[in-house]
Amino acid sequence: GIMTCCDSETPATPKRRRSFEKSTSENGLNLSEEPVLIPLLEDLAIWLSGFLSTEIAPENFIELFEDGSRFCKLATILHEKASEYKERTQHSHPLPSYAIKKWYENPKIGSFFCRDNVCKFINWCKHFGVSEICLFESNDIVEHKSVRALRNVLICMLDVGKIGVKHGIEPS
């Protein structure tokens, strides 16, 4: 369903949150500045794991998404699910015209190719209906220097999930 900080299927324990803050600090981020992001990131990790068939945890989110290829894969999966739902139900919500066809698999971290992947995803988000104010910039995930940058990515992904519900999209 829709990702909210209050209805996570697997509630986080304080121990898990402490370990996340520790591991995040090693990445140069300290989520104790904005603890409200921790349950959002936990819910997002569960939601994304359902689509990408990859174990995604708050601790490995940045590492798994910094090259942009999983964002592109996610957009492709969501686009296909929205198309299938429209065919099955004949609902009136228009499908986005833009679909990501090609992206760079396993690009060198921090490279132009990572940024290109992320830019393709951001462009897809615009077509999918994500509000301009909810979009993030490629640097927010590629350079992952600040908690604010991570917050921008989370806000965008929450909007993607909210719009996905209109297209009948649920994780497998």
# chains A, B, ... in the order shown; residues from 1 in each chain; ligands from 1

$ residues_around --residues "stretch 137-142 of chain A" --least-positions-apart "3" --cutoff "10 Å" --atoms "only C-alpha atoms" --output "PyMOL selection string"
chain A and resi 61-63+65-68+109-112+114-122+145-153

$ residues_around --residues "A:Glu80" --least-positions-apart "6" --cutoff "10 Å" --atoms "only C-alpha atoms" --output "ChimeraX atom specification"
/A:74,86,99,169

$ atom_distance --atom1 "atom CA of A:Gly50" --atom2 "atom CA of A:Leu78"
11.5 Å

$ atom_distance --atom1 "atom CA of A:Glu42" --atom2 "atom CA of A:Asp159"
15.8 Å

$ closest_residue --among "A:Thr89, A:Ser131, A:Ser83, A:Asn106" --to "A:Ser69" --atoms "only C-alpha atoms"
A:Asn106

$ closest_residue --among "A:His167, A:Lys126, A:Thr54, A:Cys72" --to "A:Trp103" --atoms "only C-alpha atoms"
A:Cys72

$ closest_residue --among "A:Pro171, A:Glu33, A:Lys73, A:Ile163" --to "A:Pro94" --atoms "only C-alpha atoms"
A:Ile163

$ atom_distance --atom1 "atom CA of A:Glu87" --atom2 "atom CA of A:Phe128"
17.2 Å
